[in-house]
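Colleague: This is the content of protein_25.txt (compact mmCIF, C-alpha atoms):
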```txt
# COMPACT_ATOMS: atom_id res chain seq x y z
CA MET A 1 -20.70 -11.90 -21.93
CA ILE A 2 -18.41 -9.59 -19.96
CA TYR A 3 -16.76 -10.84 -16.76
CA GLY A 4 -14.71 -8.88 -14.24
CA LEU A 5 -11.67 -10.59 -12.76
CA ILE A 6 -10.18 -8.88 -9.71
CA LEU A 7 -6.63 -9.92 -8.79
CA ALA A 8 -6.56 -10.00 -4.99
CA GLY A 9 -3.91 -12.50 -3.95
CA GLY A 10 -0.92 -10.20 -3.42
CA LYS A 11 0.68 -9.33 -0.09
CA GLY A 12 1.27 -5.63 -0.79
CA SER A 13 4.80 -5.83 0.58
CA ARG A 14 5.78 -2.30 -0.43
CA LEU A 15 3.18 -0.87 1.97
CA TYR A 16 4.55 -2.76 4.98
CA PRO A 17 3.90 -2.34 7.90
CA LEU A 18 0.40 -1.05 7.02
CA SER A 19 -0.02 -4.01 4.70
CA ARG A 20 0.69 -7.34 6.41
CA VAL A 21 0.57 -11.04 5.55
CA GLU A 22 -2.60 -11.37 7.65
CA LYS A 23 -4.24 -8.28 6.14
CA PRO A 24 -2.67 -7.14 2.85
CA LYS A 25 -3.37 -3.82 1.19
CA GLN A 26 -6.41 -4.89 -0.86
CA PHE A 27 -8.32 -5.06 2.45
CA LEU A 28 -7.05 -1.73 3.83
CA LYS A 29 -9.25 1.36 4.18
CA VAL A 30 -6.70 4.11 3.75
CA ILE A 31 -8.21 6.52 1.22
CA ASN A 32 -11.90 6.32 2.08
CA GLU A 33 -14.16 4.23 4.33
CA LYS A 34 -14.10 1.25 1.95
CA SER A 35 -11.31 -1.19 1.20
CA PHE A 36 -9.44 -1.11 -2.11
CA LEU A 37 -11.15 -4.38 -3.03
CA VAL A 38 -14.66 -3.07 -2.40
CA ASN A 39 -13.91 0.13 -4.32
CA THR A 40 -12.61 -1.89 -7.27
CA VAL A 41 -15.74 -4.05 -7.41
CA GLU A 42 -18.17 -1.14 -7.02
CA ARG A 43 -16.33 0.86 -9.66
CA ILE A 44 -17.09 -1.66 -12.43
CA THR A 45 -20.72 -2.47 -11.58
CA PRO A 46 -22.07 0.08 -14.11
CA LEU A 47 -20.51 -2.14 -16.81
CA ILE A 48 -20.47 -5.65 -15.33
CA GLU A 49 -23.25 -7.28 -13.33
CA LYS A 50 -22.20 -8.34 -9.85
CA GLU A 51 -22.89 -12.01 -10.52
CA ASN A 52 -20.27 -11.83 -13.30
CA ILE A 53 -17.54 -10.36 -11.11
CA TYR A 54 -14.94 -12.88 -9.95
CA VAL A 55 -12.08 -12.52 -7.48
CA VAL A 56 -8.94 -14.64 -7.81
CA THR A 57 -6.89 -15.03 -4.65
CA ASN A 58 -5.08 -17.58 -2.51
CA LYS A 59 -6.77 -19.74 0.10
CA ASP A 60 -5.46 -17.62 2.99
CA TYR A 61 -7.60 -14.64 1.96
CA GLU A 62 -10.82 -16.42 0.99
CA ASP A 63 -12.57 -15.66 4.30
CA GLN A 64 -11.52 -12.00 4.23
CA ILE A 65 -12.94 -11.64 0.72
CA LYS A 66 -16.25 -13.15 1.85
CA GLU A 67 -16.30 -10.71 4.75
CA ASP A 68 -15.38 -7.71 2.59
CA LEU A 69 -17.74 -8.63 -0.26
CA SER A 70 -20.62 -9.96 1.79
CA ASP A 71 -22.90 -10.49 -1.22
CA ILE A 72 -20.39 -12.33 -3.42
CA ASN A 73 -21.31 -15.82 -4.58
CA GLU A 74 -18.88 -18.38 -3.19
CA ASN A 75 -18.39 -19.80 -6.69
CA ASN A 76 -17.13 -16.39 -7.81
CA ILE A 77 -14.05 -16.68 -5.60
CA ILE A 78 -11.32 -18.50 -7.50
CA THR A 79 -8.65 -19.76 -5.11
CA GLU A 80 -5.14 -20.77 -6.08
CA PRO A 81 -3.36 -23.47 -4.07
CA MET A 82 -0.09 -21.51 -4.33
CA ASN A 83 1.23 -18.29 -5.85
CA LYS A 84 2.47 -18.82 -9.41
CA GLU A 85 2.30 -15.19 -10.65
CA THR A 86 -0.31 -13.38 -12.74
CA ALA A 87 -0.09 -15.34 -16.02
CA THR A 88 -1.04 -18.47 -14.09
CA CYS A 89 -3.93 -17.03 -12.10
CA ILE A 90 -5.31 -15.33 -15.22
CA GLY A 91 -4.97 -18.61 -17.14
CA LEU A 92 -6.77 -20.52 -14.38
CA SER A 93 -9.58 -17.96 -14.38
CA ALA A 94 -9.80 -18.06 -18.18
CA VAL A 95 -10.37 -21.82 -18.28
CA ARG A 96 -12.97 -21.49 -15.51
CA LEU A 97 -14.89 -18.85 -17.45
CA LEU A 98 -14.47 -20.58 -20.81
CA LYS A 99 -16.05 -23.71 -19.35
CA GLU A 100 -19.18 -21.64 -18.68
CA ASP A 101 -19.17 -19.28 -21.67
CA ASN A 102 -17.38 -19.79 -25.01
CA ASP A 103 -17.59 -16.05 -25.69
CA ALA A 104 -16.35 -14.83 -22.30
CA VAL A 105 -14.61 -11.43 -22.37
CA MET A 106 -12.42 -10.79 -19.32
CA VAL A 107 -11.79 -7.40 -17.73
CA VAL A 108 -8.73 -8.08 -15.54
CA LEU A 109 -8.12 -5.52 -12.80
CA PRO A 110 -5.71 -5.26 -9.86
CA SER A 111 -7.48 -4.71 -6.55
CA ASP A 112 -5.35 -1.80 -5.31
CA HIS A 113 -5.88 1.06 -7.75
CA HIS A 114 -7.44 4.44 -7.10
CA ILE A 115 -9.41 5.93 -10.00
CA GLU A 116 -11.28 9.21 -10.34
CA ASN A 117 -13.64 10.33 -13.14
CA GLU A 118 -15.32 6.93 -13.08
CA LYS A 119 -17.64 7.81 -15.99
CA ALA A 120 -14.60 8.10 -18.32
CA TYR A 121 -13.20 4.91 -16.79
CA ILE A 122 -16.35 2.91 -17.62
CA GLU A 123 -16.48 4.39 -21.12
CA THR A 124 -12.86 3.33 -21.70
CA LEU A 125 -13.50 -0.20 -20.43
CA SER A 126 -16.55 -0.46 -22.67
CA GLN A 127 -14.44 0.60 -25.66
CA ALA A 128 -11.77 -1.95 -24.70
CA VAL A 129 -14.35 -4.76 -24.42
CA ASP A 130 -15.64 -3.93 -27.90
CA MET A 131 -12.07 -4.00 -29.29
CA ALA A 132 -11.28 -7.30 -27.61
CA ASN A 133 -14.49 -8.88 -28.86
CA ARG A 134 -14.58 -7.64 -32.44
CA ARG A 135 -10.87 -7.51 -33.25
CA ARG A 136 -9.68 -10.40 -31.07
CA CYS A 137 -6.87 -8.25 -29.65
CA ILE A 138 -5.41 -8.08 -26.15
CA VAL A 139 -6.13 -4.61 -24.82
CA THR A 140 -4.29 -2.86 -22.04
CA LEU A 141 -4.96 0.58 -20.59
CA GLY A 142 -2.16 3.16 -20.58
CA ILE A 143 -1.92 6.33 -18.52
CA ALA A 144 -0.18 9.49 -19.77
CA PRO A 145 2.80 9.96 -17.40
CA THR A 146 2.87 13.10 -15.27
CA ARG A 147 6.30 12.53 -13.68
CA PRO A 148 9.39 10.35 -14.30
CA GLU A 149 8.03 7.45 -12.22
CA THR A 150 10.47 4.57 -11.70
CA GLY A 151 7.99 2.30 -9.93
CA TYR A 152 5.83 1.65 -13.03
CA GLY A 153 6.36 -0.15 -16.30
CA TYR A 154 5.95 1.80 -19.56
CA ILE A 155 4.27 1.08 -22.90
CA GLU A 156 5.44 2.64 -26.15
CA MET A 157 2.57 3.49 -28.49
CA GLY A 158 2.93 2.23 -32.05
CA ASP A 159 0.61 2.78 -35.02
CA ARG A 160 -2.92 3.99 -34.38
CA VAL A 161 -5.69 1.42 -34.52
CA SER A 162 -7.96 2.59 -37.31
CA GLY A 163 -11.47 3.63 -36.41
CA ILE A 164 -10.96 3.59 -32.64
CA ARG A 165 -10.31 6.68 -30.54
CA ALA A 166 -6.99 6.87 -28.64
CA ALA A 167 -6.10 3.24 -29.44
CA TYR A 168 -2.65 2.14 -30.62
CA LYS A 169 -0.73 -0.99 -31.40
CA VAL A 170 1.83 -1.70 -28.68
CA ALA A 171 5.36 -1.09 -29.95
CA ARG A 172 7.07 -2.39 -26.82
CA PHE A 173 6.80 -2.83 -23.07
CA THR A 174 9.58 -1.55 -20.81
CA GLU A 175 9.92 -2.63 -17.20
CA LYS A 176 10.59 -0.12 -14.42
CA PRO A 177 13.23 2.28 -15.80
CA ASN A 178 15.72 4.45 -13.95
CA THR A 179 14.99 8.17 -13.56
CA ASP A 180 16.96 9.29 -16.64
CA VAL A 181 15.20 6.80 -18.90
CA ALA A 182 11.81 7.73 -17.43
CA LYS A 183 12.52 11.41 -18.13
CA ASP A 184 13.44 10.50 -21.71
CA PHE A 185 10.16 8.62 -22.12
CA ILE A 186 8.19 11.68 -21.01
CA TYR A 187 10.17 13.92 -23.38
CA LYS A 188 9.44 11.62 -26.34
CA GLY A 189 5.71 11.74 -25.64
CA THR A 190 5.05 8.26 -27.08
CA TYR A 191 5.14 6.35 -23.79
CA LEU A 192 2.37 5.58 -21.31
CA TRP A 193 2.41 4.08 -17.86
CA ASN A 194 1.45 0.43 -17.84
CA SER A 195 -1.64 0.35 -15.59
CA GLY A 196 -1.76 -3.45 -15.31
CA MET A 197 -5.39 -3.51 -16.48
CA PHE A 198 -6.13 -5.93 -19.33
CA ILE A 199 -9.16 -6.79 -21.45
CA PHE A 200 -9.34 -9.86 -23.70
CA ARG A 201 -11.45 -12.82 -24.68
CA ALA A 202 -10.77 -15.93 -22.60
CA ASP A 203 -10.16 -18.04 -25.72
CA VAL A 204 -7.73 -15.46 -27.15
CA ILE A 205 -5.55 -15.24 -24.04
CA LEU A 206 -5.45 -19.02 -23.76
CA ARG A 207 -4.29 -19.31 -27.37
CA GLU A 208 -1.50 -16.86 -26.62
CA ILE A 209 -0.54 -18.84 -23.51
CA GLY A 210 -0.46 -21.93 -25.73
CA LYS A 211 1.88 -20.15 -28.13
CA TYR A 212 4.30 -18.58 -25.66
CA LEU A 213 3.93 -20.70 -22.50
CA PRO A 214 3.19 -24.21 -23.85
CA ASP A 215 3.97 -26.07 -20.61
CA MET A 216 1.61 -23.84 -18.66
CA TYR A 217 -1.02 -24.26 -21.36
CA LYS A 218 -0.79 -28.04 -21.08
CA SER A 219 -1.47 -27.82 -17.33
CA LEU A 220 -4.35 -25.39 -17.85
CA MET A 221 -5.98 -27.68 -20.39
CA GLU A 222 -5.73 -30.55 -17.92
CA ILE A 223 -7.44 -28.35 -15.33
CA TYR A 224 -10.10 -27.42 -17.90
CA LYS A 225 -11.07 -31.09 -18.30
CA HIS A 226 -11.74 -31.43 -14.57
CA ILE A 227 -13.57 -28.18 -13.82
CA GLY A 228 -16.87 -29.02 -12.15
CA GLU A 229 -15.74 -32.56 -11.35
CA GLU A 230 -15.21 -33.99 -7.86
CA ASP A 231 -11.43 -34.02 -8.32
CA GLN A 232 -11.22 -30.40 -9.55
CA ASP A 233 -9.28 -29.03 -6.57
CA GLU A 234 -6.96 -32.01 -6.48
CA VAL A 235 -6.11 -31.64 -10.19
CA ILE A 236 -5.58 -27.86 -9.85
CA GLU A 237 -3.09 -28.39 -7.02
CA GLU A 238 -1.29 -31.15 -8.91
CA GLU A 239 -0.96 -29.08 -12.09
CA TYR A 240 0.03 -25.93 -10.19
CA ARG A 241 3.04 -27.77 -8.78
CA LYS A 242 4.23 -28.36 -12.35
CA ILE A 243 3.88 -24.75 -13.49
CA ASN A 244 6.81 -22.34 -13.59
CA GLY A 245 5.09 -19.11 -12.59
CA ILE A 246 5.57 -15.93 -14.60
CA SER A 247 3.83 -12.56 -14.79
CA ILE A 248 1.40 -11.80 -17.61
CA ASP A 249 3.71 -8.94 -18.66
CA PHE A 250 6.81 -11.10 -19.09
CA GLY A 251 5.00 -14.24 -20.19
CA ILE A 252 2.60 -12.84 -22.76
CA MET A 253 2.41 -9.06 -23.19
CA GLN A 254 6.07 -8.58 -24.11
CA LYS A 255 5.81 -11.31 -26.77
CA THR A 256 2.34 -11.20 -28.30
CA ARG A 257 1.56 -9.39 -31.55
CA LYS A 258 -2.04 -8.91 -30.51
CA ALA A 259 -1.40 -6.20 -27.89
CA CYS A 260 -3.12 -2.82 -28.21
CA VAL A 261 -3.22 0.05 -25.75
CA ILE A 262 -5.86 2.69 -25.12
CA GLN A 263 -4.60 6.03 -23.83
CA CYS A 264 -6.88 6.86 -20.90
CA ASP A 265 -8.15 10.25 -19.83
CA PHE A 266 -9.20 9.46 -16.26
CA ASP A 267 -7.12 10.04 -13.11
CA TRP A 268 -5.36 6.86 -11.99
CA ASP A 269 -3.00 5.90 -9.21
CA ASP A 270 -1.43 2.55 -8.34
CA ILE A 271 -1.30 2.60 -4.54
CA GLY A 272 1.73 0.33 -4.45
CA SER A 273 4.13 2.43 -2.39
CA PHE A 274 4.28 5.07 0.31
CA SER A 275 5.14 7.66 -2.33
CA ALA A 276 1.80 6.92 -3.98
CA LEU A 277 -0.11 6.85 -0.71
CA SER A 278 1.46 10.17 0.30
CA ARG A 279 -0.45 11.86 -2.51
CA PHE A 280 -3.66 11.24 -0.55
CA LEU A 281 -2.48 12.67 2.75
CA ASP A 282 -2.73 16.30 3.90
CA ASN A 283 -0.05 17.88 1.72
CA LYS A 284 1.83 20.95 2.96
CA LYS A 285 2.97 22.60 -0.26
CA GLU A 286 5.35 25.06 1.36
CA SER A 287 7.48 22.27 2.86
CA ASN A 288 6.50 19.35 0.62
CA ASN A 289 5.45 17.33 3.66
CA ALA A 290 2.53 14.88 3.61
CA VAL A 291 0.98 13.95 6.94
CA SER A 292 -1.96 12.03 8.36
CA ASN A 293 -3.78 12.79 11.62
CA ASN A 294 -1.87 13.01 14.89
CA VAL A 295 1.31 14.38 13.30
CA TYR A 296 3.14 17.60 14.11
CA LEU A 297 6.21 18.66 12.10
CA GLU A 298 8.44 21.68 12.65
CA GLU A 299 11.34 22.71 10.41
CA CYS A 300 10.83 19.52 8.39
CA GLU A 301 11.00 19.13 4.64
CA ASN A 302 9.95 16.51 2.09
CA CYS A 303 8.67 14.04 4.70
CA SER A 304 5.71 11.65 4.65
CA VAL A 305 4.32 10.64 8.05
CA PHE A 306 1.57 8.09 8.54
CA GLY A 307 0.32 8.34 12.11
CA ASN A 308 -1.85 6.04 14.16
CA LYS A 309 -2.93 6.44 17.80
CA ASN A 310 0.37 7.90 18.94
CA LEU A 311 1.24 11.54 18.38
CA ILE A 312 4.24 11.73 16.03
CA ILE A 313 6.45 14.84 16.31
CA GLY A 314 9.18 15.63 13.83
CA LEU A 315 11.78 18.37 14.29
CA GLY A 316 14.39 19.30 11.72
CA ILE A 317 14.15 16.14 9.61
CA LYS A 318 14.27 15.85 5.84
CA ASP A 319 13.45 13.23 3.18
CA ILE A 320 12.05 10.73 5.71
CA VAL A 321 9.05 8.39 5.69
CA VAL A 322 7.58 7.42 9.08
CA VAL A 323 4.84 4.82 9.39
CA ASP A 324 3.20 3.95 12.70
CA ALA A 325 1.31 0.64 12.42
CA GLY A 326 0.82 0.13 16.14
CA ASP A 327 3.11 -2.82 16.80
CA VAL A 328 5.67 -1.77 14.16
CA ILE A 329 7.17 1.64 13.38
CA LEU A 330 8.99 2.10 10.09
CA VAL A 331 11.45 4.95 9.59
CA MET A 332 13.18 5.11 6.22
CA ASP A 333 14.86 7.32 3.68
CA ARG A 334 12.20 8.49 1.25
CA ASN A 335 14.37 7.34 -1.66
CA LYS A 336 14.28 3.73 -0.41
CA ASP A 337 10.60 3.45 -1.27
CA GLN A 338 11.06 0.54 -3.70
CA GLU A 339 13.32 -1.51 -1.40
CA ILE A 340 10.85 -2.62 1.27
CA LYS A 341 10.44 -6.08 -0.29
CA HIS A 342 14.18 -6.63 0.15
CA LEU A 343 13.92 -5.43 3.76
CA LEU A 344 11.09 -7.89 4.46
CA ASN A 345 13.07 -10.77 2.97
CA ASN A 346 15.91 -9.98 5.39
CA LEU A 347 13.48 -9.73 8.33
CA GLU A 348 12.00 -13.11 7.44
CA LYS A 349 15.46 -14.68 7.41
CA GLN A 350 15.98 -13.39 10.94
CA GLY A 351 13.11 -15.59 12.16
CA LYS A 352 12.53 -13.74 15.43
CA TYR A 353 10.68 -10.98 13.57
CA TYR A 354 8.23 -13.39 11.90
CA ARG A 355 5.33 -12.36 14.15
CA PHE A 356 5.63 -8.79 12.86
CA LEU A 357 5.43 -9.65 9.15
```
Could you show the structure in this file as C-alpha cells?
Modeller:
Amino acid sequence: MIYGLILAGGKGSRLYPLSRVEKPKQFLKVINEKSFLVNTVERITPLIEKENIYVVTNKDYEDQIKEDLSDINENNIITEPMNKETATCIGLSAVRLLKEDNDAVMVVLPSDHHIENEKAYIETLSQAVDMANRRRCIVTLGIAPTRPETGYGYIEMGDRVSGIRAAYKVARFTEKPNTDVAKDFIYKGTYLWNSGMFIFRADVILREIGKYLPDMYKSLMEIYKHIGEEDQDEVIEEEYRKINGISIDFGIMQKTRKACVIQCDFDWDDIGSFSALSRFLDNKKESNNAVSNNVYLEECENCSVFGNKNLIIGLGIKDIVVVDAGDVILVMDRNKDQEIKHLLNNLEKQGKYYRFL
C-alpha cells in the first residue's frame, strides 16, 4: 500500500521573522488561504487516501498539526523526541509503517513546497511508486533548473532507466554550489534540482540504512521491537539519544547505488527563502521589485518588501529585502538571503532577543 509521509518538524529559519519557533513556515498562509502543510496534504489525496497520510514532526508542533489538519487521526502524527535530521525521522517512520504493512511504499514530501500542474505531479508520483515497488529502487524527483540557483542541491542524471519515461540512474548528488558551478550545471544540461521528494519501499530504505548507517539501524530495529508496546515512547527517546543525526541526502542518497531520478514536468518551488517567496508577490518588471500589500516604492530597484499592517515606503533603495512581521522588522541585503540561519544563531547567543525568535 502507498503511504504519504509529510516532513513537518523544521523551523523554517531562512524565512525569519515570518517563520518563528512558535509558528514555523509549514503553518504559514503566505501564498493562498491555506497553510503549506494543508496544501501538501490535499495535493496528494488523489493518489493516497487520507488515512494513509502521516506527518512526522517534533512534540512542540503536535497541537498545531492537529489544529491545521482537523481530520487527521492522532496515530498518523509521528512525533520525535528530538531533532536528529531527516535520515532519522524517515527511518523512524519506516519502522512504524513496516510494523503495519510489509509492503509499505513511502512517498516522502517536505511540507513547504509550492507545486502547480498537480495532474502532472500526481502522474509523476504514481510512476515513481511503480518504480519503487517493482524495481526496488530509491526514487527522487528532479526539476529542470531555470536559473543558476545556489540554494538548492543538484542531481546529475546518469544512464536512462529502460522502459520508464524520463527516468535516469543518479550519477551523483552535489550540495548547494556557488554561482559559477550552478551556471556550468545548466550549460551541461545533465543536472536537475534536487527537490527533496523521495519514494521508496520501507524495507528497501531500512536495508540501505543498515548498510550505510549501521549504528542508526541498530537503534531503529530496537524501536521496531517496541512499537505498539507500553514502553514505545520511552524506547524511542532512549534510542534517539544514541543516534548521530544526519540528513537523508548525506547519509543515504549520496552513497546508495539504488538511486534513480525522474525528471519532472510540473512547476515546482521550494519556499525556503525570501528570494523564493518574492516570486509570489506583485512583481514590477520594470524595476524588478516584488512587493506585498501596503508597500509604496519610488526610485527603487531590485527590492523585495513584505508588508504587514504598517505602510512601508521606500525611496531610492536598491537590492534590499524588508520584512515586517509586526514585532520584528528585518532589513537586509538581498544577497544575504542564505545567511539568516547564521544571524539567528548570533541572536540566540545574545539571550535578550530570545523572545523574538
Colleague: How far is it from atom CA of A:Gly9 to atom CA of A:Cys137, in Å with one decimal?
Modeller: 26.2 Å
Colleague: Given the choices A:Met106, A:Ile262, A:Asn117, A:Phe250, which gets closest to A:Gly158 if the distance is worked out from all atoms listed in the file?
Modeller: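 For A:Gly158, the nearest of the candidates is A:Ile262.
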Colleague: Using only C-alpha atoms, find the one residue out of A:Asn102, A:Gln263, A:Asn133, A:Asn76 that sits nearest to A:Tyr168.
Modeller: A:Gln263
Colleague: Between atom CA of A:Leu47 and atom CA of A:Val30, what distance in Å does the model show, to one decimal?
Modeller: 25.5 Å
Colleague: Of the residues A:Phe36, A:Ala202, A:Ala144, A:Glu62, which is the one nearest to A:Ile2, using only C-alpha atoms?
Modeller: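 Looking only at the distances to A:Ile2, the closest residue turns out to be A:Ala202.
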Colleague: For atom CA of A:Ile78 and atom CA of A:Asn58, determine how far apart the two atoms are, in Å to one decimal place.
Modeller: 8.0 Å
Colleague: Let me make sure I understand: among A:Ile340, A:Leu192, A:Ala128, A:Ala120, which one has the smallest atom-to-atom distance to A:Val105 if we use all atoms listed in the file?
Modeller: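 The shortest atom-to-atom distance to A:Val105 comes from A:Ala128.
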Colleague: What box, with edges along x, y and z, holds each listed atom of stretch 343-353 of chain A when 4 Å is added on every side, and can you state its centre and edge lengths in Å to one decimal, as AutoDock Vina command-line options?
Modeller:
```
--center_x 13.3 --center_y -10.5 --center_z 9.2 --size_x 13.3 --size_y 18.2 --size_z 20.5
```
Colleague: Can you tell me which residues surround stretch 231-245 of chain A at a distance of at most 12 Å, considering all atoms listed in the file, apart from same-chain residues fewer than 2 positions away, and format the answer as a ChimeraX atom specification?
Modeller: /A:58-59,78-93,95-96,213-229,247-251
Colleague: Which of these, A:Arg14, A:Lys119, A:Arg147, A:Lys309, has the shortest distance to A:Ala182 once you count all atoms listed in the file?
Modeller: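 So, comparing all the options, the nearest one is A:Arg147.
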Colleague: For A:Met131, which residue out of A:Leu109, A:Ala167, A:Ser35, A:Leu98 is the nearest one, using all atoms listed in the file?
Modeller: A:Ala167
Colleague: Near A:Lys284, within 10 Å and counting only C-alpha atoms, which residues show up once chain neighbours fewer than 4 positions away are dropped, as an mmCIF file with C-alpha atoms, in the frame of the given file?
Modeller:
```cif
data_model
loop_
_atom_site.group_PDB
_atom_site.id
_atom_site.type_symbol
_atom_site.label_atom_id
_atom_site.label_comp_id
_atom_site.auth_asym_id
_atom_site.auth_seq_id
_atom_site.Cartn_x
_atom_site.Cartn_y
_atom_site.Cartn_z
ATOM 1 C CA ASN A 288 6.500 19.350 0.620
ATOM 2 C CA ASN A 289 5.450 17.330 3.660
ATOM 3 C CA ALA A 290 2.530 14.880 3.610
ATOM 4 C CA VAL A 291 0.980 13.950 6.940
ATOM 5 C CA GLU A 301 11.000 19.130 4.640
ATOM 6 C CA ASN A 302 9.950 16.510 2.090
ATOM 7 C CA CYS A 303 8.670 14.040 4.700
#
```
Colleague: Could you pull out every residue with an atom within 10 Å of (5.7, 12.1, 4.9), file coordinates, counting all atoms listed in the file, and send them as number ranges by chain?
Modeller: A: 274-275, 277-279, 281-284, 288-292, 295, 297, 300-307, 318-323, 334
Colleague: Missing atoms in stretch 284-302 of chain A need filling: write out N, CA, C and O atoms for it as a PDB file, keeping the file's coordinate frame.
Modeller:
```
ATOM      1  N   LYS A 284       1.403  19.593   2.610  1.00  0.00           N
ATOM      2  CA  LYS A 284       1.830  20.950   2.960  1.00  0.00           C
ATOM      3  C   LYS A 284       2.770  21.458   1.854  1.00  0.00           C
ATOM      4  O   LYS A 284       3.947  21.090   1.804  1.00  0.00           O
ATOM      5  N   LYS A 285       2.223  22.229   0.950  1.00  0.00           N
ATOM      6  CA  LYS A 285       2.970  22.600  -0.260  1.00  0.00           C
ATOM      7  C   LYS A 285       4.242  23.386   0.053  1.00  0.00           C
ATOM      8  O   LYS A 285       5.257  23.250  -0.626  1.00  0.00           O
ATOM      9  N   GLU A 286       4.192  24.203   1.098  1.00  0.00           N
ATOM     10  CA  GLU A 286       5.350  25.060   1.360  1.00  0.00           C
ATOM     11  C   GLU A 286       6.574  24.253   1.803  1.00  0.00           C
ATOM     12  O   GLU A 286       7.713  24.678   1.614  1.00  0.00           O
ATOM     13  N   SER A 287       6.349  23.080   2.380  1.00  0.00           N
ATOM     14  CA  SER A 287       7.480  22.270   2.860  1.00  0.00           C
ATOM     15  C   SER A 287       7.548  20.903   2.189  1.00  0.00           C
ATOM     16  O   SER A 287       8.450  20.120   2.472  1.00  0.00           O
ATOM     17  N   ASN A 288       6.593  20.631   1.322  1.00  0.00           N
ATOM     18  CA  ASN A 288       6.500  19.350   0.620  1.00  0.00           C
ATOM     19  C   ASN A 288       6.395  18.177   1.595  1.00  0.00           C
ATOM     20  O   ASN A 288       6.896  17.086   1.337  1.00  0.00           O
ATOM     21  N   ASN A 289       5.733  18.406   2.724  1.00  0.00           N
ATOM     22  CA  ASN A 289       5.450  17.330   3.660  1.00  0.00           C
ATOM     23  C   ASN A 289       4.039  16.786   3.411  1.00  0.00           C
ATOM     24  O   ASN A 289       3.153  17.521   2.980  1.00  0.00           O
ATOM     25  N   ALA A 290       3.852  15.502   3.694  1.00  0.00           N
ATOM     26  CA  ALA A 290       2.530  14.880   3.610  1.00  0.00           C
ATOM     27  C   ALA A 290       2.283  14.156   4.916  1.00  0.00           C
ATOM     28  O   ALA A 290       3.085  13.301   5.313  1.00  0.00           O
ATOM     29  N   VAL A 291       1.189  14.498   5.599  1.00  0.00           N
ATOM     30  CA  VAL A 291       0.980  13.950   6.940  1.00  0.00           C
ATOM     31  C   VAL A 291      -0.459  13.483   7.104  1.00  0.00           C
ATOM     32  O   VAL A 291      -1.391  14.004   6.495  1.00  0.00           O
ATOM     33  N   SER A 292      -0.628  12.480   7.977  1.00  0.00           N
ATOM     34  CA  SER A 292      -1.960  12.030   8.360  1.00  0.00           C
ATOM     35  C   SER A 292      -2.332  12.713   9.674  1.00  0.00           C
ATOM     36  O   SER A 292      -1.645  13.639  10.127  1.00  0.00           O
ATOM     37  N   ASN A 293      -3.389  12.239  10.319  1.00  0.00           N
ATOM     38  CA  ASN A 293      -3.780  12.790  11.620  1.00  0.00           C
ATOM     39  C   ASN A 293      -2.738  12.466  12.679  1.00  0.00           C
ATOM     40  O   ASN A 293      -1.968  11.524  12.548  1.00  0.00           O
ATOM     41  N   ASN A 294      -2.732  13.268  13.735  1.00  0.00           N
ATOM     42  CA  ASN A 294      -1.870  13.010  14.890  1.00  0.00           C
ATOM     43  C   ASN A 294      -0.380  13.170  14.560  1.00  0.00           C
ATOM     44  O   ASN A 294       0.459  12.428  15.063  1.00  0.00           O
ATOM     45  N   VAL A 295      -0.078  14.125  13.692  1.00  0.00           N
ATOM     46  CA  VAL A 295       1.310  14.380  13.300  1.00  0.00           C
ATOM     47  C   VAL A 295       1.587  15.875  13.410  1.00  0.00           C
ATOM     48  O   VAL A 295       0.796  16.703  12.959  1.00  0.00           O
ATOM     49  N   TYR A 296       2.710  16.210  14.035  1.00  0.00           N
ATOM     50  CA  TYR A 296       3.140  17.600  14.110  1.00  0.00           C
ATOM     51  C   TYR A 296       4.594  17.690  13.657  1.00  0.00           C
ATOM     52  O   TYR A 296       5.472  17.025  14.220  1.00  0.00           O
ATOM     53  N   LEU A 297       4.851  18.492  12.619  1.00  0.00           N
ATOM     54  CA  LEU A 297       6.210  18.660  12.100  1.00  0.00           C
ATOM     55  C   LEU A 297       6.624  20.127  12.208  1.00  0.00           C
ATOM     56  O   LEU A 297       5.833  21.033  11.941  1.00  0.00           O
ATOM     57  N   GLU A 298       7.874  20.316  12.581  1.00  0.00           N
ATOM     58  CA  GLU A 298       8.440  21.680  12.650  1.00  0.00           C
ATOM     59  C   GLU A 298       9.826  21.659  12.025  1.00  0.00           C
ATOM     60  O   GLU A 298      10.648  20.781  12.329  1.00  0.00           O
ATOM     61  N   GLU A 299      10.060  22.601  11.126  1.00  0.00           N
ATOM     62  CA  GLU A 299      11.340  22.710  10.410  1.00  0.00           C
ATOM     63  C   GLU A 299      11.673  21.392   9.684  1.00  0.00           C
ATOM     64  O   GLU A 299      12.820  20.959   9.642  1.00  0.00           O
ATOM     65  N   CYS A 300      10.658  20.773   9.131  1.00  0.00           N
ATOM     66  CA  CYS A 300      10.830  19.520   8.390  1.00  0.00           C
ATOM     67  C   CYS A 300      10.528  19.761   6.913  1.00  0.00           C
ATOM     68  O   CYS A 300       9.756  20.647   6.564  1.00  0.00           O
ATOM     69  N   GLU A 301      11.134  18.935   6.068  1.00  0.00           N
ATOM     70  CA  GLU A 301      11.000  19.130   4.640  1.00  0.00           C
ATOM     71  C   GLU A 301      10.965  17.782   3.915  1.00  0.00           C
ATOM     72  O   GLU A 301      11.729  16.875   4.231  1.00  0.00           O
ATOM     73  N   ASN A 302      10.023  17.677   2.976  1.00  0.00           N
ATOM     74  CA  ASN A 302       9.950  16.510   2.090  1.00  0.00           C
ATOM     75  C   ASN A 302       9.790  15.197   2.872  1.00  0.00           C
ATOM     76  O   ASN A 302      10.431  14.197   2.572  1.00  0.00           O
TER      77      ASN A 302
END
```
